[in-house]
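What's in entry-v5.cif: mmCIF, N, CA and C atoms
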data_upload
#
loop_
_atom_site.label_atom_id
_atom_site.label_comp_id
_atom_site.auth_asym_id
_atom_site.auth_seq_id
_atom_site.Cartn_x
_atom_site.Cartn_y
_atom_site.Cartn_z
N PRO A 1 -29.81 59.32 34.23
CA PRO A 1 -29.96 60.53 33.42
C PRO A 1 -28.66 61.34 33.41
N TRP A 2 -28.41 62.01 32.29
CA TRP A 2 -27.16 62.75 32.11
C TRP A 2 -26.97 63.81 33.20
N GLU A 3 -28.03 64.48 33.63
CA GLU A 3 -27.90 65.54 34.63
C GLU A 3 -27.28 65.01 35.93
N LYS A 4 -27.66 63.82 36.32
CA LYS A 4 -27.13 63.21 37.55
C LYS A 4 -25.65 62.84 37.35
N ILE A 5 -25.32 62.31 36.19
CA ILE A 5 -23.92 61.96 35.87
C ILE A 5 -23.06 63.22 35.88
N GLU A 6 -23.56 64.28 35.27
CA GLU A 6 -22.84 65.55 35.21
C GLU A 6 -22.53 66.07 36.62
N LYS A 7 -23.53 66.07 37.47
CA LYS A 7 -23.34 66.55 38.85
C LYS A 7 -22.29 65.72 39.58
N ARG A 8 -22.36 64.40 39.42
CA ARG A 8 -21.41 63.51 40.10
C ARG A 8 -19.99 63.70 39.56
N LEU A 9 -19.85 63.89 38.25
CA LEU A 9 -18.52 64.12 37.68
C LEU A 9 -17.90 65.40 38.22
N LEU A 10 -18.70 66.46 38.27
CA LEU A 10 -18.19 67.73 38.78
C LEU A 10 -17.77 67.62 40.25
N LEU A 11 -18.60 66.99 41.06
CA LEU A 11 -18.28 66.85 42.48
C LEU A 11 -17.07 65.95 42.70
N ALA A 12 -17.00 64.86 41.97
CA ALA A 12 -15.86 63.93 42.12
C ALA A 12 -14.56 64.57 41.67
N SER A 13 -14.59 65.32 40.58
CA SER A 13 -13.36 65.96 40.11
C SER A 13 -12.94 67.09 41.04
N GLU A 14 -13.90 67.81 41.58
CA GLU A 14 -13.58 68.89 42.52
C GLU A 14 -12.98 68.31 43.81
N ALA A 15 -13.46 67.14 44.24
CA ALA A 15 -12.96 66.51 45.47
C ALA A 15 -11.68 65.70 45.23
N ASP A 16 -11.20 65.67 44.00
CA ASP A 16 -9.97 64.96 43.63
C ASP A 16 -10.11 63.45 43.81
N PHE A 17 -11.31 62.91 43.55
CA PHE A 17 -11.53 61.48 43.60
C PHE A 17 -11.02 60.83 42.32
N VAL A 18 -10.70 59.56 42.40
CA VAL A 18 -10.42 58.77 41.20
C VAL A 18 -11.77 58.51 40.53
N ILE A 19 -11.82 58.68 39.21
CA ILE A 19 -13.08 58.52 38.47
C ILE A 19 -12.90 57.42 37.43
N VAL A 20 -13.86 56.51 37.40
CA VAL A 20 -13.87 55.45 36.40
C VAL A 20 -15.19 55.55 35.65
N LEU A 21 -15.11 55.60 34.34
CA LEU A 21 -16.31 55.63 33.50
C LEU A 21 -16.37 54.32 32.73
N TYR A 22 -17.38 53.54 32.98
CA TYR A 22 -17.54 52.26 32.30
C TYR A 22 -18.35 52.47 31.03
N ASN A 23 -17.78 52.09 29.90
CA ASN A 23 -18.45 52.17 28.62
C ASN A 23 -19.03 53.57 28.36
N PRO A 24 -18.18 54.60 28.37
CA PRO A 24 -18.69 55.98 28.26
C PRO A 24 -19.13 56.39 26.86
N SER A 25 -18.82 55.61 25.85
CA SER A 25 -19.20 55.97 24.48
C SER A 25 -19.87 54.80 23.80
N SER A 26 -20.91 55.11 23.06
CA SER A 26 -21.59 54.11 22.25
C SER A 26 -22.26 54.86 21.11
N HIS A 27 -22.96 54.13 20.30
CA HIS A 27 -23.65 54.78 19.17
C HIS A 27 -24.65 55.82 19.68
N LYS A 28 -25.38 55.50 20.74
CA LYS A 28 -26.38 56.43 21.29
C LYS A 28 -25.75 57.49 22.19
N ARG A 29 -24.61 57.16 22.82
CA ARG A 29 -23.94 58.09 23.74
C ARG A 29 -22.62 58.56 23.13
N HIS A 30 -22.65 58.95 21.90
CA HIS A 30 -21.42 59.26 21.16
C HIS A 30 -20.64 60.44 21.72
N ASP A 31 -21.29 61.35 22.44
CA ASP A 31 -20.57 62.54 22.92
C ASP A 31 -20.37 62.55 24.43
N TYR A 32 -20.71 61.49 25.14
CA TYR A 32 -20.59 61.48 26.59
C TYR A 32 -19.15 61.60 27.07
N LEU A 33 -18.23 60.94 26.41
CA LEU A 33 -16.83 61.00 26.85
C LEU A 33 -16.29 62.42 26.71
N LYS A 34 -16.59 63.07 25.60
CA LYS A 34 -16.15 64.45 25.40
C LYS A 34 -16.75 65.35 26.49
N LYS A 35 -18.04 65.20 26.74
CA LYS A 35 -18.70 66.01 27.77
C LYS A 35 -18.07 65.75 29.14
N ALA A 36 -17.81 64.48 29.43
CA ALA A 36 -17.21 64.13 30.73
C ALA A 36 -15.84 64.78 30.87
N CYS A 37 -15.02 64.72 29.82
CA CYS A 37 -13.69 65.35 29.87
C CYS A 37 -13.80 66.85 30.09
N GLU A 38 -14.72 67.49 29.41
CA GLU A 38 -14.89 68.93 29.57
C GLU A 38 -15.31 69.29 31.00
N LEU A 39 -16.18 68.49 31.58
CA LEU A 39 -16.60 68.74 32.97
C LEU A 39 -15.44 68.55 33.93
N ILE A 40 -14.71 67.46 33.78
CA ILE A 40 -13.59 67.17 34.67
C ILE A 40 -12.51 68.24 34.55
N LEU A 41 -12.31 68.75 33.34
CA LEU A 41 -11.30 69.80 33.12
C LEU A 41 -11.63 71.10 33.86
N GLN A 42 -12.84 71.25 34.33
CA GLN A 42 -13.19 72.44 35.12
C GLN A 42 -12.46 72.43 36.47
N HIS A 43 -12.07 71.23 36.94
CA HIS A 43 -11.42 71.12 38.25
C HIS A 43 -10.07 70.43 38.21
N LYS A 44 -9.73 69.82 37.10
CA LYS A 44 -8.48 69.05 37.00
C LYS A 44 -7.60 69.62 35.89
N SER A 45 -6.31 69.41 36.03
CA SER A 45 -5.35 69.86 35.03
C SER A 45 -5.46 69.01 33.76
N PRO A 46 -5.20 69.62 32.61
CA PRO A 46 -5.15 68.84 31.37
C PRO A 46 -4.08 67.74 31.42
N GLU A 47 -3.11 67.89 32.33
CA GLU A 47 -2.04 66.89 32.46
C GLU A 47 -2.39 65.74 33.41
N THR A 48 -3.60 65.72 33.94
CA THR A 48 -4.04 64.64 34.82
C THR A 48 -3.91 63.30 34.09
N VAL A 49 -3.35 62.32 34.77
CA VAL A 49 -3.14 61.01 34.17
C VAL A 49 -4.47 60.28 34.04
N CYS A 50 -4.72 59.74 32.83
CA CYS A 50 -5.94 58.99 32.52
C CYS A 50 -5.54 57.73 31.77
N GLY A 51 -6.52 56.90 31.51
CA GLY A 51 -6.25 55.71 30.72
C GLY A 51 -7.52 55.14 30.15
N THR A 52 -7.34 54.27 29.17
CA THR A 52 -8.46 53.54 28.59
C THR A 52 -8.10 52.07 28.54
N VAL A 53 -9.11 51.23 28.66
CA VAL A 53 -8.93 49.79 28.54
C VAL A 53 -10.06 49.27 27.67
N GLN A 54 -9.72 48.41 26.73
CA GLN A 54 -10.72 47.79 25.87
C GLN A 54 -10.62 46.28 26.00
N ASN A 55 -11.75 45.62 25.85
CA ASN A 55 -11.81 44.15 25.91
C ASN A 55 -11.22 43.61 27.21
N ILE A 56 -11.61 44.18 28.32
CA ILE A 56 -11.06 43.77 29.62
C ILE A 56 -11.32 42.29 29.86
N ASN A 57 -10.23 41.60 30.19
CA ASN A 57 -10.27 40.18 30.51
C ASN A 57 -10.73 39.31 29.34
N ARG A 58 -10.55 39.81 28.12
CA ARG A 58 -10.90 39.05 26.93
C ARG A 58 -9.73 39.11 25.95
N GLU A 59 -9.79 38.27 24.94
CA GLU A 59 -8.76 38.29 23.92
C GLU A 59 -8.73 39.68 23.28
N GLY A 60 -7.53 40.18 23.06
CA GLY A 60 -7.38 41.50 22.45
C GLY A 60 -7.43 42.64 23.45
N GLU A 61 -7.28 42.34 24.74
CA GLU A 61 -7.30 43.40 25.75
C GLU A 61 -6.17 44.39 25.48
N THR A 62 -6.50 45.66 25.53
CA THR A 62 -5.50 46.71 25.34
C THR A 62 -5.70 47.78 26.41
N ALA A 63 -4.60 48.39 26.82
CA ALA A 63 -4.65 49.47 27.79
C ALA A 63 -3.72 50.58 27.32
N ARG A 64 -4.12 51.82 27.58
CA ARG A 64 -3.30 52.96 27.17
C ARG A 64 -3.39 54.03 28.25
N VAL A 65 -2.25 54.58 28.62
CA VAL A 65 -2.18 55.67 29.59
C VAL A 65 -1.95 56.96 28.83
N MET A 66 -2.66 58.02 29.25
CA MET A 66 -2.57 59.32 28.55
C MET A 66 -2.98 60.41 29.51
N THR A 67 -2.88 61.64 29.08
CA THR A 67 -3.35 62.78 29.88
C THR A 67 -4.84 63.00 29.62
N LEU A 68 -5.46 63.77 30.47
CA LEU A 68 -6.87 64.12 30.29
C LEU A 68 -7.06 64.86 28.96
N ALA A 69 -6.15 65.73 28.62
CA ALA A 69 -6.23 66.45 27.34
C ALA A 69 -6.15 65.47 26.17
N GLU A 70 -5.27 64.48 26.27
CA GLU A 70 -5.15 63.48 25.21
C GLU A 70 -6.40 62.61 25.12
N LEU A 71 -7.00 62.30 26.26
CA LEU A 71 -8.23 61.51 26.27
C LEU A 71 -9.33 62.26 25.52
N LYS A 72 -9.43 63.55 25.77
CA LYS A 72 -10.44 64.35 25.07
C LYS A 72 -10.18 64.35 23.56
N GLU A 73 -8.93 64.46 23.16
CA GLU A 73 -8.58 64.42 21.74
C GLU A 73 -8.82 63.04 21.16
N ARG A 74 -8.58 62.00 21.93
CA ARG A 74 -8.82 60.63 21.47
C ARG A 74 -10.29 60.46 21.12
N TYR A 75 -11.17 61.05 21.91
CA TYR A 75 -12.60 61.01 21.62
C TYR A 75 -12.86 61.63 20.24
N ILE A 76 -12.29 62.77 19.98
CA ILE A 76 -12.50 63.46 18.71
C ILE A 76 -11.99 62.59 17.56
N TYR A 77 -10.80 61.99 17.72
CA TYR A 77 -10.24 61.12 16.69
C TYR A 77 -11.18 59.95 16.40
N HIS A 78 -11.70 59.32 17.45
CA HIS A 78 -12.58 58.17 17.25
C HIS A 78 -13.85 58.57 16.52
N CYS A 79 -14.41 59.73 16.82
CA CYS A 79 -15.62 60.17 16.14
C CYS A 79 -15.35 60.39 14.66
N ILE A 80 -14.23 61.01 14.33
CA ILE A 80 -13.88 61.24 12.93
C ILE A 80 -13.62 59.90 12.24
N TYR A 81 -12.86 59.01 12.88
CA TYR A 81 -12.55 57.71 12.31
C TYR A 81 -13.84 56.93 12.06
N ARG A 82 -14.71 56.94 13.04
CA ARG A 82 -15.95 56.18 12.92
C ARG A 82 -16.82 56.74 11.80
N LYS A 83 -16.86 58.05 11.67
CA LYS A 83 -17.69 58.68 10.65
C LYS A 83 -17.22 58.28 9.24
N PHE A 84 -15.91 58.25 9.04
CA PHE A 84 -15.39 57.98 7.71
C PHE A 84 -15.24 56.50 7.39
N THR A 85 -15.19 55.65 8.41
CA THR A 85 -15.01 54.22 8.15
C THR A 85 -16.23 53.41 8.54
N ASP A 86 -17.20 54.06 9.17
CA ASP A 86 -18.40 53.40 9.65
C ASP A 86 -18.08 52.26 10.60
N GLN A 87 -16.99 52.43 11.37
CA GLN A 87 -16.58 51.43 12.34
C GLN A 87 -17.15 51.77 13.70
N LYS A 88 -17.49 50.74 14.46
CA LYS A 88 -17.94 50.93 15.83
C LYS A 88 -16.77 50.65 16.75
N TYR A 89 -16.69 51.34 17.84
CA TYR A 89 -15.63 51.12 18.81
C TYR A 89 -16.20 50.87 20.17
#
Give the structure from the file, written as structure tokens.
Amino acid sequence: PWEKIEKRLLLASEADFVIVLYNPSSHKRHDYLKKACELILQHKSPETVCGTVQNINREGETARVMTLAELKERYIYHCIYRKFTDQKY
């Protein structure tokens, strides 16, 4: 349940733990990544180093390093892109 995830994100970010979110966005969970970034930003700097990986250990694997602020913006870009192109990510 989201309430449990929210509590864990807040505690982990406050304790300065490394946080990994597996598959944080989908058609049904379209806003989870944005919510997670907003929660983490309560305790972490917008300049905190983050990254994304797609297609791990498969053809087309990609990785990108960015700040927490950029990750939050990336979420917004993907939602807009998906809405106008009907693409899934």
Subject >> Nearby residues (only N, CA and C atoms) at most 6 Å from Cys50 (chain A), same-chain spacing under 2 positions excluded, as a PyMOL selection string >> reply: chain A and resi 48+52+64-68
Original post:
Smallest atom-to-atom distance to Ile40 (chain A): which of A:Pro1, A:Ala63, A:Phe17, A:Glu73, using only C-alpha atoms?
Top reply: A:Phe17
Report, as AutoDock Vina command-line options, the axis-aligned box around all atoms of region 26-44 of chain A present in the file, extended by 5 Å on each side; give centre and edge lengths in Å to one decimal place.
--center_x -17.0 --center_y 63.3 --center_z 28.7 --size_x 28.8 --size_y 28.3 --size_z 29.1
Original post:
Mind checking DSSP for chain A and telling me the strand (DSSP E or B) residues as a list of chain:residue names?
Top reply: A:Val49, A:Cys50, A:Gly51, A:Thr52, A:Val53, A:Gln54, A:Thr62, A:Ala63, A:Arg64, A:Val65, A:Met66, A:Thr67
Subject >> Å distance separating atom N of Ser13 (chain A) from atom N of Glu70 (chain A), one decimal place >> reply: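 Computing it gives 17.1 Å between the two atoms.
The space separating CA of Gly51 (chain A) from CA of Val20 (chain A) comes to 9.5 Å.
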**OP:** Please return, as an MDAnalysis selection string, all polymer residues that have at least one atom within 6.5 Å of the point (-14.7, 58.2, 24.9); use all atoms listed in the file and the file's own coordinate frame.
**Re:** chainID A and resid 24:25 32:34 74:75
Original post:
CA of His30 (chain A) and CA of Leu71 (chain A), how far apart in Å?
Top reply: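 Computed distance, CA of Leu71 (chain A) to CA of His30 (chain A), equals 14.3 Å.
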**OP:** Determine the nearest neighbour of Lys44 (chain A) from the options A:Lys72, A:Ile5, A:Arg58, A:Asp16, counting all atoms listed in the file.
**Re:** A:Asp16
Subject >> Every residue of chain A that DSSP places in helix (DSSP H, G or I), as a ChimeraX atom specification >> reply: /A:2-14,32-40,68-85
**OP:** Return the single residue from A:Ile56, A:Arg29, A:Trp2, A:Ser45 that is closest to Glu14 (chain A), with distances computed using only C-alpha atoms.
**Re:**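 Closest candidate: A:Ser45.
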